[in-house]
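Data block for my_file_19.pdb (PDB, C-alpha atoms, pLDDT in the B column):
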ATOM      1  CA  MET A   1      59.472  77.558 113.560  1.00 59.00           C
ATOM      2  CA  ALA A   2      56.820  78.396 111.029  1.00 69.00           C
ATOM      3  CA  ILE A   3      57.530  81.115 108.452  1.00 66.00           C
ATOM      4  CA  THR A   4      54.929  83.880 108.597  1.00 67.00           C
ATOM      5  CA  ILE A   5      54.365  86.778 106.208  1.00 70.00           C
ATOM      6  CA  ASN A   6      52.105  89.432 107.659  1.00 74.00           C
ATOM      7  CA  GLY A   7      50.128  92.098 105.817  1.00 67.00           C
ATOM      8  CA  SER A   8      52.987  94.659 105.903  1.00 69.00           C
ATOM      9  CA  GLY A   9      55.395  92.271 104.132  1.00 65.00           C
ATOM     10  CA  THR A  10      57.436  91.387 107.256  1.00 69.00           C
ATOM     11  CA  VAL A  11      58.794  87.847 107.301  1.00 67.00           C
ATOM     12  CA  THR A  12      59.248  86.037 110.631  1.00 71.00           C
ATOM     13  CA  GLY A  13      60.582  82.590 111.415  1.00 70.00           C
ATOM     14  CA  LEU A  14      63.279  82.630 108.696  1.00 64.00           C
ATOM     15  CA  ALA A  15      66.655  81.336 109.926  1.00 70.00           C
ATOM     16  CA  VAL A  16      70.040  82.510 108.600  1.00 66.00           C
ATOM     17  CA  GLY A  17      70.749  80.547 105.423  1.00 64.00           C
ATOM     18  CA  GLY A  18      67.076  79.699 105.063  1.00 64.00           C
ATOM     19  CA  LEU A  19      66.809  80.983 101.501  1.00 62.00           C
ATOM     20  CA  PRO A  20      67.876  78.754  98.608  1.00 66.00           C
ATOM     21  CA  ASP A  21      71.172  79.597  96.904  1.00 66.00           C
ATOM     22  CA  GLY A  22      70.821  82.239  94.221  1.00 64.00           C
ATOM     23  CA  THR A  23      67.669  83.788  95.720  1.00 62.00           C
ATOM     24  CA  VAL A  24      69.534  87.016  96.566  1.00 60.00           C
ATOM     25  CA  ASP A  25      72.332  87.973  94.175  1.00 63.00           C
ATOM     26  CA  ASN A  26      74.647  90.990  93.818  1.00 57.00           C
ATOM     27  CA  ASP A  27      72.160  92.924  91.701  1.00 62.00           C
ATOM     28  CA  THR A  28      69.398  92.343  94.236  1.00 57.00           C
ATOM     29  CA  ILE A  29      71.434  93.983  97.015  1.00 57.00           C
ATOM     30  CA  ALA A  30      73.193  96.688  94.944  1.00 59.00           C
ATOM     31  CA  ALA A  31      75.535  96.859  91.985  1.00 54.00           C
ATOM     32  CA  ALA A  32      78.307  94.394  92.882  1.00 52.00           C
ATOM     33  CA  THR A  33      78.325  95.453  96.558  1.00 53.00           C
ATOM     34  CA  ILE A  34      79.501  92.076  97.827  1.00 52.00           C
ATOM     35  CA  ALA A  35      82.123  91.625  95.117  1.00 50.00           C
ATOM     36  CA  ASP A  36      83.478  95.135  95.692  1.00 55.00           C
ATOM     37  CA  ALA A  37      83.726  94.551  99.431  1.00 54.00           C
ATOM     38  CA  LYS A  38      85.656  91.335  98.892  1.00 49.00           C
ATOM     39  CA  MET A  39      88.049  93.012  96.464  1.00 49.00           C
ATOM     40  CA  ALA A  40      88.743  95.901  98.864  1.00 52.00           C
ATOM     41  CA  SER A  41      89.506  93.731 101.877  1.00 55.00           C
ATOM     42  CA  GLY A  42      92.713  91.946 102.698  1.00 58.00           C
ATOM     43  CA  GLY A  43      96.400  92.796 102.457  1.00 77.00           C
ATOM     44  CA  GLY A  44      98.236  93.408  99.232  1.00 88.00           C
ATOM     45  CA  LYS A  45      95.280  94.874  97.339  1.00 96.00           C
ATOM     46  CA  VAL A  46      95.858  97.888  95.099  1.00 97.00           C
ATOM     47  CA  LEU A  47      93.590 100.617  96.469  1.00 97.00           C
ATOM     48  CA  GLN A  48      94.475 103.544  94.204  1.00 98.00           C
ATOM     49  CA  VAL A  49      97.077 104.744  91.713  1.00 98.00           C
ATOM     50  CA  VAL A  50      98.283 108.293  91.048  1.00 98.00           C
ATOM     51  CA  SER A  51     100.622 108.970  88.139  1.00 98.00           C
ATOM     52  CA  ILE A  52     102.256 112.143  86.811  1.00 98.00           C
ATOM     53  CA  THR A  53     104.074 112.401  83.468  1.00 98.00           C
ATOM     54  CA  LYS A  54     106.624 115.150  82.859  1.00 98.00           C
ATOM     55  CA  THR A  55     106.965 115.901  79.141  1.00 98.00           C
ATOM     56  CA  ASP A  56     108.872 119.196  79.172  1.00 98.00           C
ATOM     57  CA  THR A  57     112.633 119.544  79.566  1.00 97.00           C
ATOM     58  CA  PHE A  58     114.484 120.682  82.677  1.00 96.00           C
ATOM     59  CA  THR A  59     118.087 121.694  83.223  1.00 94.00           C
ATOM     60  CA  THR A  60     119.821 122.368  86.516  1.00 90.00           C
ATOM     61  CA  ALA A  61     123.264 122.736  88.032  1.00 84.00           C
ATOM     62  CA  ALA A  62     123.148 120.847  91.321  1.00 75.00           C
ATOM     63  CA  ASN A  63     126.465 122.062  92.742  1.00 78.00           C
ATOM     64  CA  ASN A  64     126.558 120.120  95.981  1.00 83.00           C
ATOM     65  CA  VAL A  65     123.075 121.516  96.675  1.00 87.00           C
ATOM     66  CA  GLU A  66     119.805 119.635  96.433  1.00 92.00           C
ATOM     67  CA  VAL A  67     117.601 120.935  93.605  1.00 94.00           C
ATOM     68  CA  ALA A  68     113.961 120.000  92.972  1.00 96.00           C
ATOM     69  CA  ILE A  69     113.145 118.535  89.555  1.00 97.00           C
ATOM     70  CA  THR A  70     110.121 120.616  88.640  1.00 97.00           C
ATOM     71  CA  GLY A  71     107.029 118.809  87.402  1.00 98.00           C
ATOM     72  CA  LEU A  72     108.121 115.412  88.708  1.00 98.00           C
ATOM     73  CA  ALA A  73     106.104 115.173  91.916  1.00 98.00           C
ATOM     74  CA  ALA A  74     102.796 113.519  92.828  1.00 98.00           C
ATOM     75  CA  THR A  75     100.326 113.675  95.718  1.00 98.00           C
ATOM     76  CA  ILE A  76      98.280 110.811  97.132  1.00 98.00           C
ATOM     77  CA  THR A  77      95.870 110.584 100.073  1.00 98.00           C
ATOM     78  CA  PRO A  78      96.155 107.134 101.687  1.00 98.00           C
ATOM     79  CA  SER A  79      92.865 105.553 102.759  1.00 97.00           C
ATOM     80  CA  ALA A  80      94.373 104.027 105.922  1.00 97.00           C
ATOM     81  CA  THR A  81      97.391 104.663 108.146  1.00 97.00           C
ATOM     82  CA  THR A  82      98.461 101.051 107.614  1.00 97.00           C
ATOM     83  CA  SER A  83      98.674 101.388 103.831  1.00 98.00           C
ATOM     84  CA  LYS A  84     101.960 101.172 101.950  1.00 98.00           C
ATOM     85  CA  ILE A  85     102.788 103.522  99.093  1.00 98.00           C
ATOM     86  CA  LYS A  86     104.854 102.079  96.256  1.00 98.00           C
ATOM     87  CA  VAL A  87     106.850 104.863  94.631  1.00 98.00           C
ATOM     88  CA  ASP A  88     108.012 104.216  91.051  1.00 98.00           C
ATOM     89  CA  ILE A  89     110.033 106.795  89.145  1.00 98.00           C
ATOM     90  CA  SER A  90     111.401 106.638  85.629  1.00 98.00           C
ATOM     91  CA  ILE A  91     113.602 109.542  84.572  1.00 98.00           C
ATOM     92  CA  SER A  92     115.093 110.278  81.134  1.00 97.00           C
ATOM     93  CA  HIS A  93     118.278 112.298  81.365  1.00 95.00           C
ATOM     94  CA  GLY A  94     121.609 113.442  80.045  1.00 92.00           C
ATOM     95  CA  SER A  95     124.371 115.073  82.083  1.00 87.00           C
ATOM     96  CA  SER A  96     127.647 116.917  81.839  1.00 82.00           C
ATOM     97  CA  GLY A  97     130.848 116.252  83.697  1.00 78.00           C
ATOM     98  CA  VAL A  98     129.631 114.172  86.637  1.00 82.00           C
ATOM     99  CA  THR A  99     127.103 111.609  87.797  1.00 86.00           C
ATOM    100  CA  HIS A 100     124.084 113.188  89.432  1.00 92.00           C
ATOM    101  CA  LYS A 101     122.128 111.485  92.198  1.00 94.00           C
ATOM    102  CA  LEU A 102     118.351 111.140  92.502  1.00 96.00           C
ATOM    103  CA  ARG A 103     116.734 111.901  95.833  1.00 97.00           C
ATOM    104  CA  VAL A 104     113.071 111.290  96.679  1.00 98.00           C
ATOM    105  CA  LYS A 105     111.232 112.977  99.529  1.00 98.00           C
ATOM    106  CA  ARG A 106     107.897 112.423 101.223  1.00 98.00           C
ATOM    107  CA  GLY A 107     107.091 115.971 102.218  1.00 97.00           C
ATOM    108  CA  GLY A 108     110.422 117.086 103.676  1.00 96.00           C
ATOM    109  CA  THR A 109     111.589 113.585 104.627  1.00 98.00           C
ATOM    110  CA  LEU A 110     114.192 111.814 102.516  1.00 98.00           C
ATOM    111  CA  ILE A 111     113.118 108.242 101.716  1.00 98.00           C
ATOM    112  CA  GLY A 112     114.715 105.311  99.930  1.00 98.00           C
ATOM    113  CA  ALA A 113     118.265 106.571 100.439  1.00 98.00           C
ATOM    114  CA  GLY A 114     121.519 104.917 101.431  1.00 97.00           C
ATOM    115  CA  ASP A 115     122.986 105.208 104.933  1.00 98.00           C
ATOM    116  CA  ALA A 116     124.831 108.318 106.064  1.00 96.00           C
ATOM    117  CA  SER A 117     128.597 107.950 105.668  1.00 97.00           C
ATOM    118  CA  GLY A 118     130.949 110.888 106.141  1.00 96.00           C
ATOM    119  CA  ASN A 119     130.526 113.607 103.514  1.00 90.00           C
ATOM    120  CA  ARG A 120     128.914 111.286 100.981  1.00 92.00           C
ATOM    121  CA  HIS A 121     125.567 112.317  99.507  1.00 92.00           C
ATOM    122  CA  ARG A 122     122.643 110.145 100.549  1.00 96.00           C
ATOM    123  CA  ALA A 123     120.456 109.286  97.559  1.00 97.00           C
ATOM    124  CA  GLY A 124     118.257 106.633  96.015  1.00 97.00           C
ATOM    125  CA  ILE A 125     119.984 105.936  92.694  1.00 97.00           C
ATOM    126  CA  PRO A 126     122.734 107.468  90.543  1.00 94.00           C
ATOM    127  CA  LEU A 127     121.848 109.310  87.344  1.00 92.00           C
ATOM    128  CA  PRO A 128     125.005 108.325  85.481  1.00 88.00           C
ATOM    129  CA  LEU A 129     127.187 110.403  83.216  1.00 85.00           C
ATOM    130  CA  HIS A 130     127.406 108.783  79.790  1.00 80.00           C
ATOM    131  CA  ALA A 131     130.004 109.015  77.060  1.00 81.00           C
ATOM    132  CA  ASP A 132     127.658 110.013  74.239  1.00 87.00           C
ATOM    133  CA  ASP A 133     126.450 113.595  74.735  1.00 89.00           C
ATOM    134  CA  ASN A 134     123.959 113.157  71.890  1.00 89.00           C
ATOM    135  CA  GLN A 135     121.980 110.493  73.745  1.00 89.00           C
ATOM    136  CA  ALA A 136     119.640 110.531  76.731  1.00 92.00           C
ATOM    137  CA  TYR A 137     119.387 107.606  79.100  1.00 93.00           C
ATOM    138  CA  ALA A 138     116.721 106.189  81.409  1.00 95.00           C
ATOM    139  CA  SER A 139     117.073 105.435  85.114  1.00 96.00           C
ATOM    140  CA  SER A 140     114.421 103.945  87.394  1.00 98.00           C
ATOM    141  CA  PHE A 141     113.731 104.091  91.125  1.00 98.00           C
ATOM    142  CA  SER A 142     111.314 101.940  93.129  1.00 98.00           C
ATOM    143  CA  TYR A 143     110.619 102.068  96.857  1.00 98.00           C
ATOM    144  CA  LEU A 144     107.881 100.808  99.204  1.00 98.00           C
ATOM    145  CA  ASP A 145     107.106 103.536 101.729  1.00 98.00           C
ATOM    146  CA  SER A 146     105.080 103.533 104.961  1.00 98.00           C
ATOM    147  CA  PRO A 147     103.769 107.085 105.418  1.00 98.00           C
ATOM    148  CA  SER A 148     101.456 106.152 108.349  1.00 98.00           C
ATOM    149  CA  THR A 149      98.939 108.876 107.530  1.00 98.00           C
ATOM    150  CA  THR A 150      95.587 109.502 105.874  1.00 98.00           C
ATOM    151  CA  SER A 151      96.519 113.067 104.952  1.00 98.00           C
ATOM    152  CA  ALA A 152      97.446 114.194 101.439  1.00 98.00           C
ATOM    153  CA  THR A 153     101.105 113.255 100.970  1.00 98.00           C
ATOM    154  CA  THR A 154     103.422 114.598  98.272  1.00 98.00           C
ATOM    155  CA  TYR A 155     106.393 112.693  96.876  1.00 98.00           C
ATOM    156  CA  SER A 156     108.943 114.895  95.108  1.00 98.00           C
ATOM    157  CA  THR A 157     112.151 114.307  93.187  1.00 98.00           C
ATOM    158  CA  TYR A 158     115.470 116.084  93.609  1.00 97.00           C
ATOM    159  CA  THR A 159     118.973 115.906  92.207  1.00 94.00           C
ATOM    160  CA  ILE A 160     122.336 116.602  93.786  1.00 92.00           C
ATOM    161  CA  ALA A 161     125.853 116.437  92.359  1.00 88.00           C
ATOM    162  CA  ASP A 162     129.433 117.126  93.376  1.00 79.00           C
ATOM    163  CA  ASN A 163     130.974 120.595  93.492  1.00 68.00           C
ATOM    164  CA  GLY A 164     131.299 122.444  90.199  1.00 67.00           C
ATOM    165  CA  VAL A 165     128.886 123.567  87.523  1.00 73.00           C
ATOM    166  CA  GLU A 166     127.648 120.144  86.466  1.00 78.00           C
ATOM    167  CA  LEU A 167     124.367 120.122  84.607  1.00 89.00           C
ATOM    168  CA  LEU A 168     121.558 117.582  84.596  1.00 92.00           C
ATOM    169  CA  TYR A 169     119.278 117.544  81.543  1.00 94.00           C
ATOM    170  CA  VAL A 170     115.870 115.943  82.039  1.00 97.00           C
ATOM    171  CA  ASN A 171     113.924 114.590  79.031  1.00 97.00           C
ATOM    172  CA  ARG A 172     116.727 115.520  76.604  1.00 95.00           C
ATOM    173  CA  SER A 173     120.378 114.823  75.888  1.00 93.00           C
ATOM    174  CA  LYS A 174     123.244 117.164  76.737  1.00 92.00           C
ATOM    175  CA  ASN A 175     123.833 118.327  73.151  1.00 92.00           C
ATOM    176  CA  ASP A 176     120.122 118.333  72.333  1.00 93.00           C
ATOM    177  CA  ALA A 177     120.814 118.422  68.596  1.00 91.00           C
ATOM    178  CA  ASN A 178     117.931 119.611  66.424  1.00 93.00           C
ATOM    179  CA  THR A 179     118.301 116.535  64.213  1.00 89.00           C
ATOM    180  CA  ALA A 180     117.205 112.922  64.232  1.00 85.00           C
ATOM    181  CA  THR A 181     120.042 112.360  66.718  1.00 81.00           C
ATOM    182  CA  GLY A 182     118.299 114.528  69.283  1.00 84.00           C
ATOM    183  CA  GLY A 183     115.097 113.564  71.009  1.00 91.00           C
ATOM    184  CA  ARG A 184     112.401 114.503  73.469  1.00 95.00           C
ATOM    185  CA  TYR A 185     111.420 112.026  76.185  1.00 97.00           C
ATOM    186  CA  ILE A 186     109.190 111.638  79.222  1.00 98.00           C
ATOM    187  CA  SER A 187     109.766 111.044  82.908  1.00 98.00           C
ATOM    188  CA  THR A 188     107.118 109.636  85.245  1.00 98.00           C
ATOM    189  CA  ILE A 189     106.290 109.244  88.917  1.00 98.00           C
ATOM    190  CA  THR A 190     103.652 106.718  89.948  1.00 98.00           C
ATOM    191  CA  LEU A 191     102.260 106.224  93.457  1.00 98.00           C
ATOM    192  CA  THR A 192     100.365 103.025  94.235  1.00 98.00           C
ATOM    193  CA  GLU A 193      98.510 102.571  97.511  1.00 98.00           C
ATOM    194  CA  ILE A 194      98.626  98.974  98.726  1.00 98.00           C
ATOM    195  CA  GLY A 195      96.330  97.804 101.511  1.00 96.00           C
ATOM    196  CA  ALA A 196      97.919  96.297 104.605  1.00 88.00           C
TER     197      ALA A 196
END
Let me see whether you can do it: turn the structure in this file into structure tokens.
Amino acid sequence: MAITINGSGTVTGLAVGGLPDGTVDNDTIAAATIADAKMASGGGKVLQVVSITKTDTFTTAANNVEVAITGLAATITPSATTSKIKVDISISHGSSGVTHKLRVKRGGTLIGAGDASGNRHRAGIPLPLHADDNQAYASSFSYLDSPSTTSATTYSTYTIADNGVELLYVNRSKNDANTATGGRYISTITLTEIGA
């Protein structure tokens, strides 16, 4: 078929693939439209990242009751119901008398926790008691969640401990000495949306 260009600029008779390679590039269509589309498609792609850093200190007595760790929560809005959300938490802490336990919730739903077993607390990781009250320690939690929603979703952190007045100190040591021995630290929560 003959190729015809009429007075209005319309081209007829051109088959798919009829233009030589390189005739139409990304910049001709729009700024990297094709490249962006390729990057966004397919499973395992990182679609967005939300990260919160807690720099202030926090102290609580979690006496067999779940207590929220203020300032260590993040909200993400998944772009598809099939997306996974990778939850990464790093928490700096000291404690007194007992090992605390870290719980993570999506909204009001506990995630990344061990199985129910009698009166045992379900949690993600322990926040261990350490021998040196002048030092803080770091614990990390990682979990791949399937929220199955495109609504804004909040992931929050909690602690729980055995009976008794047992304190958890976030971003500081137990003694918190005002010397070079003491320190101030950070804790973080990072949410990464991964395409299905």
*Using the chain letters and numbering of this document, enumerate as a PyMOL selection string the residues selected by the PyMOL selection byres ((chain A and resi 124) around 12).*
chain A and resi 87-89+100-105+110-115+121-123+125-127+139-143+157-160
*To verify the selection step, state as an NGL selection string which residues the PyMOL selection byres ((chain A and resi 54) around 7) yields on this input.*
:A and (52-53 or 55-56 or 71-72 or 186-188)
*Pick out the residues sitting within 12 Å of Thr75 in chain A, and hand them over as a ChimeraX atom specification; count all atoms listed in the file, and ignore anything fewer than 5 positions along from it in its own chain.*
/A:48-52,85,87,105-107,150-156,189-193
*Selected residue of minimal separation from Thr82 in chain A among A:Pro128, A:Gly43, A:Gly182, A:Gly13, counting all atoms listed in the file*: A:Gly43
*Could you tell me how far CA of Arg184 in chain A lies from CA of Thr59 in chain A, in Å and to one decimal?*
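Interatomic distance, CA of Arg184 in chain A to CA of Thr59 in chain A: 13.4 Å.
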*Using the chain letters and numbers from the file, give me the residues hit by the PyMOL selection byres ((chain A and resi 129-132) around 10), as a ChimeraX atom specification.*
/A:93-100,126-128,133-137,168,173-175
Ref. answer, residues at most 10 Å from (88.8, 108.0, 98.0) with only C-alpha atoms, as a PDB file with C-alpha atoms, keeping the file's coordinate frame:
ATOM      1  CA  LEU A  47      93.590 100.617  96.469  1.00 97.00           C
ATOM      2  CA  GLN A  48      94.475 103.544  94.204  1.00 98.00           C
ATOM      3  CA  ILE A  76      98.280 110.811  97.132  1.00 98.00           C
ATOM      4  CA  THR A  77      95.870 110.584 100.073  1.00 98.00           C
ATOM      5  CA  PRO A  78      96.155 107.134 101.687  1.00 98.00           C
ATOM      6  CA  SER A  79      92.865 105.553 102.759  1.00 97.00           C
TER       7      SER A  79
END
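CA of Thr70 in chain A is positioned 24.9 Å from CA of Thr149 in chain A.
Here CA of Thr60 in chain A is placed at a distance of 8.1 Å from CA of Glu166 in chain A.
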*With distances taken over all atoms listed in the file, which of A:Ala177, A:Ala196, A:Ala73, A:Leu167 is nearest to Ala61 in chain A?*
A:Leu167
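Taking all atoms listed in the file into account, Asn119 in chain A lies nearest to A:Asn64 out of the set A:Ser92, A:Thr12, A:Ser146, A:Asn64.
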